[in-house]
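Step one of this worksheet: look at the structure below.
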Amino acid sequence: MRIDARGMYYRDLNKMIHQAVKNGETEIVLDNVNGQRYIGTGINEKVRITVNGVPGNDLAAFMNGPEITVYANAQDGIGNTMNDGTVVVHGGAGDVLGYAMRGGKIFIKGNVGYRVGIHMKEYQDRVPAIVVGGTAGDFFGEYMAGGILVVLGLNRKPGDPLTGDYLGTGMHGGIIYLRGEVERYKLGKEVEVFELNEEDEKKLQPFLEEYCAHFGFELEEVLSVPFCKLLPVSKRPYGRLYAY
Amino acid sequence: MSVYLPAEFNVQIDHTLCRRCRRCVAECGFGTLSFKGDKVVADHKKCVACQRCVSTCPEAAINVVKNPLAYKENHHWTPEHIKNLHKQAATGGMLLTGGGNDKVYKSYFDHMVLDACQVTNPSIDPLREPMELRTYLGSKPDSLEFRYSENGEYKLKTKLNPQVKLDTPIVFSAMSYGAISLNAHKALASAAKECGILYNTGEGGLHKELYCYGENTIVQVASGRFGVNQEYLNRAAVVEIKCGQGAKPGIGGHLPGEKVNREVSQTRMIPEGSDAISPAPHHDIYSIEDLAQLIYAIKEATGYEKPVSVKIAAVHNVAAIASGIARAGADIIYLDGFRGGTGAAPTIIRDNVGIPIEIALAAVDDRLRKEGIRNKVSIIASGGIRSSADMAKAIALGADAVAVGTAALIAMGCRLCQKCYTGSCSWGIATQRPELVRRLNPDKAAQCLINMIRGWSLELKEILGALGVNAVESLRGSRERLRGIGLNETELNILGIKPAGR
């Protein structure tokens with residue numbers, strides 16, 4: 001079904017979406033979206049939502065299954081505490097993307113803002129992943145406890161840094177894959193740079209393929225630059241702090 | 001460098017009474033007692049005075065006394081300061097503690113007294129007459145509209161915001177599974193159900209065995225978002241955003257990996273043995289607008305069917321912060337004063353940061369009234385509520401309900417040894433060690449909690465009866481029924497009460 005979201009209050013729009021899901025709709029297209037918050041928030045069904053326009057903050061917050069495709073830029077807080085599902089953004093995204101995300105996948109064609117992938121965690125078979133096609137801001141992967149973060153840095157202007165500062169600060173689990181090199185001064189003190197091994201390549205490949213499929217990039221081009229990975233050097237960055 | 005720390009306590013064993021059953025050896029969670037040769041011997045340095053051995057010795061042969069000459073008396077360099085300095089010289093770490101702030105700050109509860117009726121205005125006998133303790137938590141409308149229905153009845157036209165009913169104005173404070181045992185959680189949950197009140201999961205997630213107590217559950221969303229998913233949010237009666245805690249304002253939570261066993265890992269939804277880090281700030285909240293965003297994200301995720309609470313520590317600027325929280329769309333503000341407990345916190349923070357709940361509560365209630373938004377939020381007050389008298393005084397200062405954590409733990413057997421952070425609690429409360437957890441029978445502990453809530457409720461009814469009112473509603477924010485004793489003018493002014501005699 002199609003919903004014309006022009007001028008619609010976010011609460012009314014989301015009510016319509018929830019009602020549609022309840023009625024058994026599996027394909028929902030939202031036209032003229034312009035800043036409405038919480039689209040896809042709290043939906044448990046495996047529906048497909050297409051967003052034509054710029055969705056507001058907290059897109060897919062607490063989401064647990066749907067596949068959302070955004071044909072524009074997106075704002076802050078996408079995938080906040082998301083448990084399952086997929087978000088594909090054909091543009092850039094703002095800050096705190098994927099906060100405490102526990103499952104599902106987020107693909108951003110362009111750049112992302114600050115504090116992306118922070119508190120991301122994995123649990124049992126749930127391994128969340130965020131693939132950023134462009135560059136990322138400061139505090140990427142802060143407090144990361146699990147999951148996979150990928151930054152590709154495609155279509156970068158010469159001199160544009162791949163990520164901001166404080167990369168992986170407080171990271172104590174998960175993996176960050178970077179296409180290209182990273183300046184050491186940008187690293188949080190809890191992480192170290194490593195070369196990829198075969199297992200990494202196997203792990204990374206499907207995400208790169210999916211990224212290319214979503215946004216029409218050539219996998220060969222993406223793979224033409226060597227990747228590195230960041231891992232936490234200690235699972236206990238905050239051990240030995242206390243006097244008992 | 002090794003440091004010789006004298007024992008804080010001496011364990012005295014009367015060997016003439018002792019029949020060598022060795023029960024005390026098994027009972028001590030701290031490994032203080034052992035059986036050597038033909039008798040029980042104590043490693044005094046390990047004793048924390050939790051009284052487990054004293055209480056369980058079948059012959060009453062054990063006594064624990066303070067070691068009187070542990071340090072030379074000094075009113076400035078107290079034994080605690082000396083001990084702490086030695087510990088830090090040896091480890092270079094931050095001092096860690098559990099429980100609530102135990103320092104000698106003025107207790108304003110102890111400087112306020114309640115009113116009663118005499119002669120000209122009758123008091124009420126709560127044993128014979130109905131006395132209403134029922135309390136609804138949630139945002140109340142500015143006004144009510146009614147319509148006259150066809151069959152001649154008045155019907156409420158105003159659409160009410162979600163409300164949660166408490167049979168008595170008490171909830172159990174947020175204590176996470178991880179900080180306390182599953183048996184302790186079970187006891188709190190089932191007692192809450194039996195008493196028609198709420199318990200609070202804290203930020204450690206909700207164990208599957210407690211799903212059945214959903215209607216009596218406050219679930220927390222803290223910065224680490226442990227165990228937070230759709231089911232977690234929707235099982236609960238109230239969802240609470242944890243921004244702060246009275247025992248450690250501005251300080252986050254950190255459950256060390258060694259405490260994250262299989263069960264705790266399932267509830268927090270993180271791998272076994274990994275650190276559970278939830279820093280003080282939610283990194284998606286930097287303003288009241290950001291807080292509003294999370295409040296409404298939760299409301300969207302729960303269909304606007306549940307009140308959303310925001311818990312903050314009582315700090316200097318608490319009134320302005322509370323006003324912002326009310327305007328951000330919260331239904332409940334949970335204020336935690338500096339006496340509030342903790343499973344683990346840096347001692348320096350616990351003992352020196354934050355303000356008393358009495359002061360914070362009075363300031364917040366006053367500010368919200370002056371701004372005309374007091375009805376928009378319910379206030380839960382906590383942080384050192386020890387008795388029904390403290391509760392009644394807090395309600396008179398403006399609280400809708402109080403939250404009790406330490407009092408509930410004590411009802412379950414806690415002796416306030418304040419070693420919660422060690423995970424060795426001999427009473428089976430603040431521990432995950434199976435042999436210790438097993439000691440806390442959830443049914444018996446629940447009965448103790450039920451008894452406590454019943455006792456406090458009966459006492460509250462007596463207080464209300466003495467005040468000549470028949471509903472707790474009539475005491476709420478009624479500061480005219482409080483008087484101060486031994487308080488200066490500024491204190492009286494902040495509390496909004498008169499001195500005794502006026």
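Quick note on naming: the chains in the structure tokens go A, B, ... in the order shown, residues restart at 1 in each chain, and ligands are numbered from 1 in order of appearance.
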
Give me the residues within 7 Å of Lys461 in chain B as a list in words, counting only C-alpha atoms and dropping any in the same chain fewer than 4 places off.
Pro126, Met131, Ser457 and Gly465 of chain B

Quick one: write out the picked residues with C-alpha atoms as a PDB file, in the first residue's frame?
```pdb
ATOM      1  CA  PRO B 126      -8.316   3.644  60.323  1.00  0.00           C
ATOM      2  CA  MET B 131      -8.579   4.649  54.423  1.00  0.00           C
ATOM      3  CA  SER B 457       0.781   0.573  54.918  1.00  0.00           C
ATOM      4  CA  GLY B 465      -6.062   8.880  60.529  1.00  0.00           C
TER       5      GLY B 465
END
```

If you run DSSP on this backbone, which residues of range 432-494 of chain B come out as helix (DSSP H, G or I), and could you give them as a ChimeraX atom specification?
/B:434-437,442-467,472-474,479-481,489-494

Which chain B residues are at most 8 Å from chain A (counting only C-alpha atoms), as a ChimeraX atom specification?
/B:87-88,91-96,224-225,228-230,256-257,269-271,274-275,277,283-284,293,297,300-302

To one decimal place, how far is CA of Ile357 in chain B from CA of Lys393 in chain B in Å?
11.1 Å

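Across the structure, CA of Gly91 in chain A and CA of Asn73 in chain A are spaced 4.4 Å apart.
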
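Reported to one decimal place, the separation of CA of Tyr286 in chain B from CA of Lys248 in chain B is 19.1 Å.
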